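S.K.: One file: work_37.tsv (TSV, C-alpha atoms and all ligand atoms).
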chain	number	residue	atom	x	y	z
F	107	MET	CA	-13.21	13.72	-17.04
F	108	LYS	CA	-10.82	15.68	-19.16
F	109	SER	CA	-7.32	14.37	-19.91
F	110	ILE	CA	-4.70	15.87	-17.64
F	111	LEU	CA	-1.50	14.72	-19.30
F	112	ASN	CA	0.12	16.62	-22.08
F	113	PRO	CA	2.33	14.58	-24.46
F	114	ALA	CA	5.54	16.40	-23.54
F	115	ARG	CA	5.05	15.53	-19.86
F	116	VAL	CA	4.33	11.90	-20.68
F	117	ILE	CA	7.46	11.57	-22.82
F	118	MET	CA	9.59	13.22	-20.16
F	119	ALA	CA	8.07	10.96	-17.54
F	120	ILE	CA	8.79	7.82	-19.55
F	121	ILE	CA	12.40	8.87	-20.17
F	122	ILE	CA	12.94	9.45	-16.46
F	123	LEU	CA	11.32	6.16	-15.59
F	124	ALA	CA	13.43	4.27	-18.17
F	125	THR	CA	16.58	5.79	-16.66
F	126	LEU	CA	15.55	4.72	-13.19
F	127	ILE	CA	14.76	1.21	-14.29
F	128	SER	CA	18.03	0.71	-16.17
F	129	ALA	CA	20.07	1.76	-13.13
F	130	PRO	CA	21.54	-1.29	-11.34
F	131	PHE	CA	19.23	-2.49	-8.60
F	132	LEU	CA	21.23	-3.06	-5.46
F	133	PRO	CA	19.08	-3.46	-2.36
F	134	ALA	CA	20.99	-2.61	0.81
F	135	ALA	CA	21.13	-5.24	3.52
F	136	GLY	CA	18.14	-5.05	5.85
F	137	THR	CA	15.96	-3.14	3.40
F	138	GLN	CA	14.16	-6.11	1.94
F	139	ARG	CA	10.74	-5.07	3.19
F	140	PRO	CA	8.10	-5.20	0.46
F	141	VAL	CA	7.23	-1.77	-0.88
F	142	LEU	CA	3.59	-0.99	-1.60
F	143	VAL	CA	2.78	2.23	-3.40
F	144	THR	CA	-0.77	3.53	-3.17
F	145	THR	CA	-2.46	6.42	-4.95
F	146	ILE	CA	-4.78	7.85	-2.25
F	147	PHE	CA	-5.11	8.05	1.54
F	148	PRO	CA	-7.82	5.41	2.15
F	149	LEU	CA	-5.80	2.81	0.21
F	150	THR	CA	-2.71	3.80	2.21
F	151	GLU	CA	-4.60	3.36	5.45
F	152	LEU	CA	-5.94	-0.07	4.55
F	153	ALA	CA	-2.56	-1.23	3.23
F	154	ARG	CA	-0.69	0.12	6.26
F	155	SER	CA	-3.09	-1.52	8.69
F	156	VAL	CA	-2.35	-4.90	7.12
F	157	ALA	CA	1.36	-4.31	6.49
F	158	GLY	CA	2.24	-3.07	9.98
F	159	ASP	CA	5.99	-2.69	10.25
F	160	ARG	CA	6.84	-5.61	7.96
F	161	ALA	CA	6.20	-3.72	4.74
F	162	GLU	CA	6.55	-0.16	3.59
F	163	VAL	CA	3.56	1.76	2.28
F	164	ARG	CA	4.04	4.99	0.36
F	165	GLN	CA	1.40	7.23	-1.16
F	166	ILE	CA	1.59	9.16	-4.42
F	167	ILE	CA	-1.19	11.76	-4.19
F	168	PRO	CA	-0.64	14.03	-1.18
F	169	PRO	CA	-3.63	14.60	1.11
F	170	SER	CA	-3.80	18.24	0.05
F	171	ALA	CA	-4.12	17.49	-3.69
F	172	GLU	CA	-7.35	17.22	-5.66
F	173	ILE	CA	-7.37	13.57	-6.66
F	174	HIS	CA	-9.39	13.91	-9.86
F	175	HIS	CA	-6.95	16.35	-11.44
F	176	PHE	CA	-3.66	15.12	-10.05
F	177	GLN	CA	-0.47	15.41	-12.13
F	178	LEU	CA	2.43	13.04	-11.75
F	179	THR	CA	5.89	14.47	-10.96
F	180	PRO	CA	9.34	12.92	-11.56
F	181	SER	CA	9.68	11.99	-7.87
F	182	ASP	CA	6.42	10.04	-8.11
F	183	LEU	CA	7.93	8.03	-10.95
F	184	LYS	CA	10.84	7.07	-8.72
F	185	LEU	CA	8.31	5.87	-6.15
F	186	LEU	CA	6.47	3.81	-8.74
F	187	ALA	CA	9.70	2.29	-10.04
F	188	GLU	CA	10.56	1.03	-6.55
F	189	ALA	CA	7.19	-0.57	-5.86
F	190	ASP	CA	6.62	-4.29	-5.48
F	191	LEU	CA	2.92	-3.63	-5.76
F	192	VAL	CA	1.03	-0.54	-6.85
F	193	ILE	CA	-2.46	-0.20	-5.37
F	194	ALA	CA	-4.80	2.08	-7.29
F	195	VAL	CA	-8.54	2.75	-7.39
F	196	GLY	CA	-9.01	2.43	-11.16
F	197	GLY	CA	-12.27	3.42	-12.81
F	198	GLY	CA	-10.66	6.42	-14.51
F	199	LEU	CA	-9.40	8.02	-11.29
F	200	GLU	CA	-5.70	7.65	-12.15
F	201	PRO	CA	-5.38	8.12	-15.95
F	202	TRP	CA	-1.66	8.91	-15.57
F	203	LEU	CA	-1.07	5.41	-14.22
F	204	VAL	CA	-2.57	3.76	-17.28
F	205	ARG	CA	-0.06	5.59	-19.48
F	206	LEU	CA	2.88	4.41	-17.43
F	207	GLU	CA	1.84	0.85	-16.96
F	208	LYS	CA	3.88	-0.56	-19.82
F	209	SER	CA	7.03	0.98	-18.37
F	210	LEU	CA	6.14	-0.26	-14.91
F	211	ARG	CA	5.88	-3.83	-16.12
F	212	LYS	CA	9.57	-3.77	-16.96
F	213	THR	CA	10.56	-3.21	-13.34
F	214	LYS	CA	11.48	-6.06	-10.99
F	215	SER	CA	8.03	-7.33	-10.10
F	216	ALA	CA	5.80	-4.30	-9.98
F	217	ARG	CA	2.19	-5.01	-10.65
F	218	THR	CA	-0.84	-2.82	-10.26
F	219	LEU	CA	-3.83	-3.92	-8.21
F	220	ARG	CA	-6.84	-1.86	-9.22
F	221	PHE	CA	-9.57	-1.84	-6.60
F	222	ILE	CA	-12.48	-1.46	-9.03
F	223	ASP	CA	-11.15	-4.04	-11.51
F	224	TYR	CA	-10.62	-6.48	-8.67
F	225	LEU	CA	-14.18	-6.00	-7.38
F	226	ARG	CA	-15.46	-6.55	-10.90
F	227	SER	CA	-13.39	-9.72	-11.25
F	228	VAL	CA	-14.97	-11.22	-8.12
F	229	GLY	CA	-18.46	-10.13	-9.23
F	230	TYR	CA	-19.05	-7.56	-6.49
F	231	PRO	CA	-22.72	-6.70	-7.03
F	232	ALA	CA	-22.79	-3.17	-5.60
F	233	LEU	CA	-20.34	-1.59	-8.05
F	234	ARG	CA	-21.71	1.72	-9.29
F	235	ARG	CA	-21.29	2.65	-12.91
F	236	ASP	CA	-18.65	5.26	-13.61
F	237	ASP	CA	-18.21	6.16	-9.93
F	238	PRO	CA	-14.62	5.83	-8.66
F	239	HIS	CA	-15.39	6.61	-4.96
F	240	VAL	CA	-15.59	2.92	-4.10
F	241	TRP	CA	-13.38	3.17	-0.97
F	242	LEU	CA	-16.45	4.71	0.70
F	243	ASP	CA	-18.13	1.28	0.55
F	244	PHE	CA	-16.95	-0.57	3.66
F	245	GLU	CA	-17.91	-3.98	2.31
F	246	ALA	CA	-15.80	-3.35	-0.79
F	247	ASP	CA	-12.97	-2.29	1.53
F	248	ARG	CA	-13.20	-5.63	3.33
F	249	ILE	CA	-12.84	-7.45	0.00
F	250	LEU	CA	-9.77	-5.35	-0.81
F	251	VAL	CA	-8.24	-6.07	2.60
F	252	ASP	CA	-8.57	-9.82	1.98
F	253	ARG	CA	-6.74	-9.40	-1.30
F	254	LEU	CA	-4.03	-7.20	0.29
F	255	VAL	CA	-3.40	-9.93	2.85
F	256	GLU	CA	-2.86	-12.45	0.03
F	257	GLU	CA	-0.58	-10.06	-1.85
F	258	LEU	CA	1.56	-9.41	1.22
F	259	CYS	CA	1.75	-13.12	2.07
F	260	ALA	CA	3.04	-13.76	-1.46
F	261	LEU	CA	5.62	-10.96	-1.23
F	262	ASP	CA	6.75	-11.89	2.29
F	263	PRO	CA	5.77	-15.50	3.13
F	264	ASN	CA	7.54	-15.36	6.51
F	265	GLY	CA	5.05	-12.72	7.62
F	266	ALA	CA	1.94	-14.63	6.56
F	267	GLY	CA	0.62	-15.19	10.09
F	268	TYR	CA	1.21	-11.55	10.97
F	269	TYR	CA	-0.59	-10.22	7.87
F	270	ARG	CA	-3.53	-12.58	8.29
F	271	GLU	CA	-4.02	-11.59	11.91
F	272	ARG	CA	-3.86	-7.87	11.12
F	273	GLY	CA	-6.15	-8.33	8.11
F	274	ARG	CA	-8.71	-10.14	10.27
F	275	SER	CA	-8.83	-7.37	12.84
F	276	LEU	CA	-9.11	-4.65	10.18
F	277	ILE	CA	-12.00	-6.53	8.53
F	278	GLU	CA	-13.72	-6.70	11.92
F	279	GLU	CA	-13.29	-2.95	12.37
F	280	LEU	CA	-14.73	-2.25	8.92
F	281	ALA	CA	-17.66	-4.57	9.58
F	282	ALA	CA	-18.36	-2.83	12.89
F	283	LEU	CA	-18.32	0.58	11.21
F	284	ASP	CA	-20.61	-0.70	8.45
F	285	ASN	CA	-23.04	-1.99	11.09
F	286	ARG	CA	-23.01	1.31	12.91
F	287	PHE	CA	-23.89	3.17	9.70
F	288	GLN	CA	-26.64	0.62	8.98
F	289	GLN	CA	-28.19	0.87	12.44
F	290	GLU	CA	-27.76	4.55	13.14
F	291	LEU	CA	-28.96	5.78	9.74
F	292	ARG	CA	-31.99	3.51	9.73
F	293	PRO	CA	-34.34	6.25	11.02
F	294	CYS	CA	-33.35	8.30	7.96
F	295	PHE	CA	-34.14	5.60	5.40
F	296	ARG	CA	-35.12	7.05	1.98
F	297	LYS	CA	-34.20	10.58	3.00
F	298	GLU	CA	-32.67	12.76	0.28
F	299	ILE	CA	-29.15	13.93	0.91
F	300	ILE	CA	-28.15	17.00	-1.06
F	301	ILE	CA	-24.47	17.23	-2.05
F	302	ALA	CA	-23.53	20.69	-3.31
F	303	GLY	CA	-20.66	19.39	-5.40
F	304	HIS	CA	-19.79	16.31	-7.41
F	305	GLN	CA	-21.29	12.92	-6.64
F	306	ALA	CA	-18.63	11.67	-4.22
F	307	PHE	CA	-20.93	10.12	-1.61
F	308	ALA	CA	-23.21	7.76	-3.49
F	309	TYR	CA	-21.33	4.74	-2.12
F	310	LEU	CA	-21.31	6.08	1.44
F	311	THR	CA	-25.00	6.98	1.56
F	312	GLY	CA	-26.75	4.78	-1.02
F	313	ARG	CA	-25.64	1.67	0.83
F	314	TYR	CA	-27.70	2.73	3.87
F	315	GLY	CA	-30.83	3.69	2.00
F	316	LEU	CA	-30.25	7.43	1.72
F	317	ILE	CA	-30.90	9.05	-1.67
F	318	PRO	CA	-27.86	11.04	-2.80
F	319	ILE	CA	-28.59	14.02	-5.04
F	320	SER	CA	-25.64	16.08	-6.24
F	321	LEU	CA	-24.96	19.14	-8.35
F	322	SER	CA	-22.73	17.26	-10.77
F	323	GLY	CA	-21.70	13.71	-11.63
F	324	PRO	CA	-19.06	11.41	-10.12
F	325	HIS	CA	-16.21	13.31	-11.78
F	326	PRO	CA	-15.92	16.99	-10.77
F	327	GLU	CA	-16.75	19.56	-13.39
F	328	ALA	CA	-15.58	23.15	-13.39
F	329	GLN	CA	-19.09	24.58	-13.12
F	330	PRO	CA	-22.34	22.86	-12.29
F	331	GLY	CA	-25.16	23.88	-14.62
F	332	ALA	CA	-27.44	26.72	-13.57
F	333	ARG	CA	-30.44	24.55	-14.32
F	334	LYS	CA	-29.25	21.83	-11.96
F	335	LEU	CA	-28.67	24.45	-9.28
F	336	GLN	CA	-32.26	25.71	-9.66
F	337	GLU	CA	-33.59	22.14	-9.66
F	338	ILE	CA	-31.88	21.41	-6.36
F	339	ILE	CA	-33.08	24.66	-4.78
F	340	ARG	CA	-36.63	23.79	-5.84
F	341	LEU	CA	-36.32	20.28	-4.41
F	342	ILE	CA	-35.03	21.61	-1.08
F	343	ARG	CA	-38.01	23.98	-0.84
F	344	GLU	CA	-40.56	21.38	-1.90
F	345	LYS	CA	-39.34	18.69	0.47
F	346	LYS	CA	-38.41	21.16	3.22
F	347	ILE	CA	-34.88	19.73	3.31
F	348	GLU	CA	-32.87	21.34	6.09
F	349	ALA	CA	-29.28	20.25	5.34
F	350	VAL	CA	-26.87	20.74	2.45
F	351	PHE	CA	-23.57	18.87	2.35
F	352	TYR	CA	-20.28	19.62	0.69
F	353	GLU	CA	-17.02	17.69	0.49
F	354	SER	CA	-14.71	19.01	3.14
F	355	SER	CA	-11.89	19.82	0.72
F	356	GLU	CA	-14.03	21.85	-1.66
F	357	PRO	CA	-14.67	25.54	-1.20
F	358	PRO	CA	-18.37	25.64	-0.42
F	359	ALA	CA	-19.29	28.40	-2.93
F	360	TYR	CA	-22.31	26.60	-4.43
F	361	ALA	CA	-23.19	25.13	-1.08
F	362	SER	CA	-23.24	28.61	0.43
F	363	ALA	CA	-25.37	29.94	-2.42
F	364	ILE	CA	-27.89	27.12	-1.98
F	365	ALA	CA	-27.94	27.60	1.78
F	366	ARG	CA	-28.52	31.35	1.39
F	367	GLU	CA	-31.35	30.78	-1.07
F	368	THR	CA	-33.14	28.10	0.93
F	369	GLY	CA	-32.17	28.62	4.55
F	370	ALA	CA	-30.78	25.07	4.72
F	371	ARG	CA	-27.78	24.52	7.01
F	372	LEU	CA	-24.35	23.58	5.68
F	373	PHE	CA	-22.46	20.44	6.72
F	374	SER	CA	-19.17	19.06	5.45
F	375	LEU	CA	-18.47	15.39	4.80
F	376	SER	CA	-15.08	13.79	4.24
F	377	ALA	CA	-14.44	11.58	1.23
F	378	GLY	CA	-11.38	10.40	3.14
F	379	VAL	CA	-8.95	11.65	0.52
F	380	ASN	CA	-8.31	15.31	1.25
F	381	LEU	CA	-7.56	16.04	4.87
F	382	THR	CA	-7.90	19.49	6.35
F	383	ARG	CA	-4.98	20.99	8.25
F	384	ASP	CA	-6.75	20.15	11.52
F	385	GLN	CA	-7.39	16.56	10.50
F	386	LEU	CA	-3.73	16.16	9.51
F	387	ARG	CA	-2.56	17.67	12.79
F	388	GLU	CA	-4.81	15.35	14.77
F	389	GLY	CA	-3.51	12.38	12.78
F	390	LYS	CA	-7.05	11.27	11.87
F	391	THR	CA	-7.30	7.78	10.43
F	392	PHE	CA	-9.58	6.88	7.54
F	393	LEU	CA	-11.91	5.00	9.88
F	394	GLU	CA	-12.08	7.98	12.24
F	395	LEU	CA	-12.95	10.28	9.34
F	396	MET	CA	-15.77	7.91	8.42
F	397	ALA	CA	-17.04	7.74	12.00
F	398	ASP	CA	-17.08	11.56	11.98
F	399	ASN	CA	-19.13	11.40	8.75
F	400	LEU	CA	-21.68	9.20	10.47
F	401	GLN	CA	-22.09	11.67	13.33
F	402	ILE	CA	-22.45	14.58	10.88
F	403	LEU	CA	-25.06	12.71	8.81
F	404	LYS	CA	-27.10	11.85	11.91
F	405	THR	CA	-27.04	15.39	13.24
F	406	ALA	CA	-27.71	17.03	9.89
F	407	LEU	CA	-30.52	14.70	8.82
F	408	GLY	CA	-31.98	14.45	12.31
F	409	CYS	CA	-31.87	10.66	12.47
F	410	GLU	CA	-31.23	10.48	16.19
L	1	ZN	ZN	-14.40	12.81	-6.03
Take the structure in this file and express it as structure tokens.
Ligand SMILES: [Zn+2]
M.R.:
Amino acid sequence: MKSILNPARVIMAIIILATLISAPFLPAAGTQRPVLVTTIFPLTELARSVAGDRAEVRQIIPPSAEIHHFQLTPSDLKLLAEADLVIAVGGGLEPWLVRLEKSLRKTKSARTLRFIDYLRSVGYPALRRDDPHVWLDFEADRILVDRLVEELCALDPNGAGYYRERGRSLIEELAALDNRFQQELRPCFRKEIIIAGHQAFAYLTGRYGLIPISLSGPHPEAQPGARKLQEIIRLIREKKIEAVFYESSEPPAYASAIARETGARLFSLSAGVNLTRDQLREGKTFLELMADNLQILKTALGCE
């Protein structure tokens, strides 16, 4: 992935952050709730489900922004400076955060919990190399939820019972969703799933025995190679594959070209990070987006 920060922006950002940090910190009465700052929507959803109304959860990357090429703004720095805990994905998804970490350490107690680093530290065996889309692994999400419960209990010991109870029910929901994927995709075991975009769904599909094949790697590139495009078209013809998927936030230009060439039908999947206007209006939760994905996969691959 190419670097997205230019030095002038970084310097400006650090100056603004330093100014914010040196300002006297005077919490108003009644605003002592822990503040968690997340980078993307799925992390926000998991954190909010555990935090309930005892802690505040704020998100940096808006649901309309492309997460791989996001640029930090001065108002995001203010958010980061106010955080008790920053929750990020890691794995190269938030390079701007790495640059600011030294400054963040000087704030009251802000620490960064990186999902991928944490999974690595507990020896999670299903980590994929160089693939940041780990929130699409519901077992990994359960491990993160456990850790979020502990973090919140440490920040707000009076709420420990509340956080543990909410954490338990969220873990049950994630386990139920995981089971549904397992059961309902079983008839499609070892079926190829063609993603006409970057490899965002290897966690979501590989876990259930599908074989994800994408136009480009786990980090989006400007243009997929023509050779890869031809390779995929050939594979679709050879194996008589009838469905082509694209990430719901991406314009399906390559997907449309492949569909035109092969007669395969187009289906969109959600990576849970970019919500369409309709999904935002309906107030879709992360778990609902994933349940929608399951229905789309079953219909498209014919595993019903
Ligand atoms: Zn992605």
S.K.: I want to know what sits within 7 Å of region 247-259 of chain F, based on all atoms listed in the file, with residues of the same chain fewer than 5 positions away left out; could you give that as JSON, numbers by chain?
M.R.: {"F": [152, 153, 156, 221, 241, 265, 266, 269, 270, 273, 277, 280]}
S.K.: Find the residues near Ser170 (chain F): any atom within 8 Å, counting all atoms listed in the file, skip ones fewer than 5 places away on the same chain, and give them as a ChimeraX atom specification.
M.R.: /F:380-382
S.K.: Using only C-alpha atoms and all ligand atoms, pick whichever of F:Gln385, F:Gln305, F:Gln288, F:Thr391 has the shortest atom-to-atom distance to ligand ZN 1 (chain L).
M.R.: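 For ligand ZN 1 (chain L), the nearest of the candidates is F:Gln305.
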S.K.: Would you please work out which residue, of F:Gly158, F:Pro201, F:Gly315, F:Gly323, is nearest to ligand ZN 1 (chain L) when using all atoms listed in the file?
M.R.: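 Smallest separation from ligand ZN 1 (chain L) among the options: F:Gly323.
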S.K.: Counting all atoms listed in the file, which residue out of F:Gly312, F:Pro318, F:Gly389, F:Gly303 sits closest to Ala361 (chain F)?
M.R.: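 The shortest atom-to-atom distance to Ala361 (chain F) comes from F:Gly303.
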S.K.: May I ask which of the residues F:Ser322, F:Asn264, F:Thr368, F:Ser181 is the closest one to ligand ZN 1 (chain L), counting only C-alpha atoms and all ligand atoms?
M.R.: F:Ser322
S.K.: What residues of the protein or nucleic acid chains come within 9 Å of ligand ZN 1 (chain L) when you use only C-alpha atoms and all ligand atoms? Reply as a list in words.
M.R.: Glu172, Ile173, His174, Leu199, Asp237, Pro238, His239, His304, Gln305, Ala306, Phe307, Pro324, His325, Pro326, Glu353, Ala377 and Val379 of chain F
S.K.: Could you please take those selected residues and save C-alpha atoms as a PDB file, in the coordinates of the input?
M.R.:
ATOM      1  CA  GLU F 172      -7.350  17.220  -5.660  1.00  0.00           C
ATOM      2  CA  ILE F 173      -7.370  13.570  -6.660  1.00  0.00           C
ATOM      3  CA  HIS F 174      -9.390  13.910  -9.860  1.00  0.00           C
ATOM      4  CA  LEU F 199      -9.400   8.020 -11.290  1.00  0.00           C
ATOM      5  CA  ASP F 237     -18.210   6.160  -9.930  1.00  0.00           C
ATOM      6  CA  PRO F 238     -14.620   5.830  -8.660  1.00  0.00           C
ATOM      7  CA  HIS F 239     -15.390   6.610  -4.960  1.00  0.00           C
ATOM      8  CA  HIS F 304     -19.790  16.310  -7.410  1.00  0.00           C
ATOM      9  CA  GLN F 305     -21.290  12.920  -6.640  1.00  0.00           C
ATOM     10  CA  ALA F 306     -18.630  11.670  -4.220  1.00  0.00           C
ATOM     11  CA  PHE F 307     -20.930  10.120  -1.610  1.00  0.00           C
ATOM     12  CA  PRO F 324     -19.060  11.410 -10.120  1.00  0.00           C
ATOM     13  CA  HIS F 325     -16.210  13.310 -11.780  1.00  0.00           C
ATOM     14  CA  PRO F 326     -15.920  16.990 -10.770  1.00  0.00           C
ATOM     15  CA  GLU F 353     -17.020  17.690   0.490  1.00  0.00           C
ATOM     16  CA  ALA F 377     -14.440  11.580   1.230  1.00  0.00           C
ATOM     17  CA  VAL F 379      -8.950  11.650   0.520  1.00  0.00           C
TER      18      VAL F 379
END
S.K.: Pick out the closest residue to Leu185 (chain F) from this set: F:Leu310, F:Val228, F:Ala171, F:Ile166. Count all atoms listed in the file.
M.R.: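 When distances to Leu185 (chain F) are compared using all atoms listed in the file, the smallest one comes from F:Ile166.
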S.K.: Suppose you want the space between CA of Leu372 (chain F) and CA of Val350 (chain F); what is it in Å?
M.R.: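 Result for CA of Leu372 (chain F) versus CA of Val350 (chain F): 5.0 Å, one decimal.
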S.K.: Show me, as a list in words, the residues that have an atom within 10 Å of Arg139 (chain F) when counting only C-alpha atoms, minus same-chain residues fewer than 2 positions from it.
M.R.: Gly136, Thr137, Val141, Leu142, Ala157, Asp159, Arg160, Ala161, Glu162, Val163, Asp190, Leu261 and Asp262 of chain F
S.K.: For Tyr314 (chain F), which residue among F:Pro168, F:Pro293, F:Gly198, F:Gly331 is the nearest when counting all atoms listed in the file?
M.R.: F:Pro293
S.K.: Please list as a ChimeraX atom specification every residue within 10 Å of Leu203 (chain F), counting only C-alpha atoms and excluding residues in the same chain fewer than 2 positions away.
M.R.: /F:145,178,183,186,192,194,196,198-201,205-208,210,218
S.K.: Determine the axis-aligned bounding box of all atoms of region 272-290 of chain F present in the file, pad each side by 4 Å, and express its centre and edge lengths in Å to one decimal place as JSON.
M.R.:
{"center_x": -16.0, "center_y": -2.8, "center_z": 10.6, "size_x": 32.3, "size_y": 22.7, "size_z": 13.0}
S.K.: Please compute the CA of Tyr360 (chain F)-CA of Glu327 (chain F) distance, one decimal, in Å.
M.R.: 12.7 Å
S.K.: Hey, what's within 12 Å of Ala332 (chain F) if we count only C-alpha atoms and toss same-chain stuff fewer than 5 positions away? As a ChimeraX atom specification, please?
M.R.: /F:321-322,337-339,360,363-364
S.K.: Tell me, in Å to one decimal, how far CA of Gln289 (chain F) is from CA of Gly369 (chain F).
M.R.: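 Atom-to-atom, CA of Gln289 (chain F) and CA of Gly369 (chain F) are spaced 29.1 Å apart.
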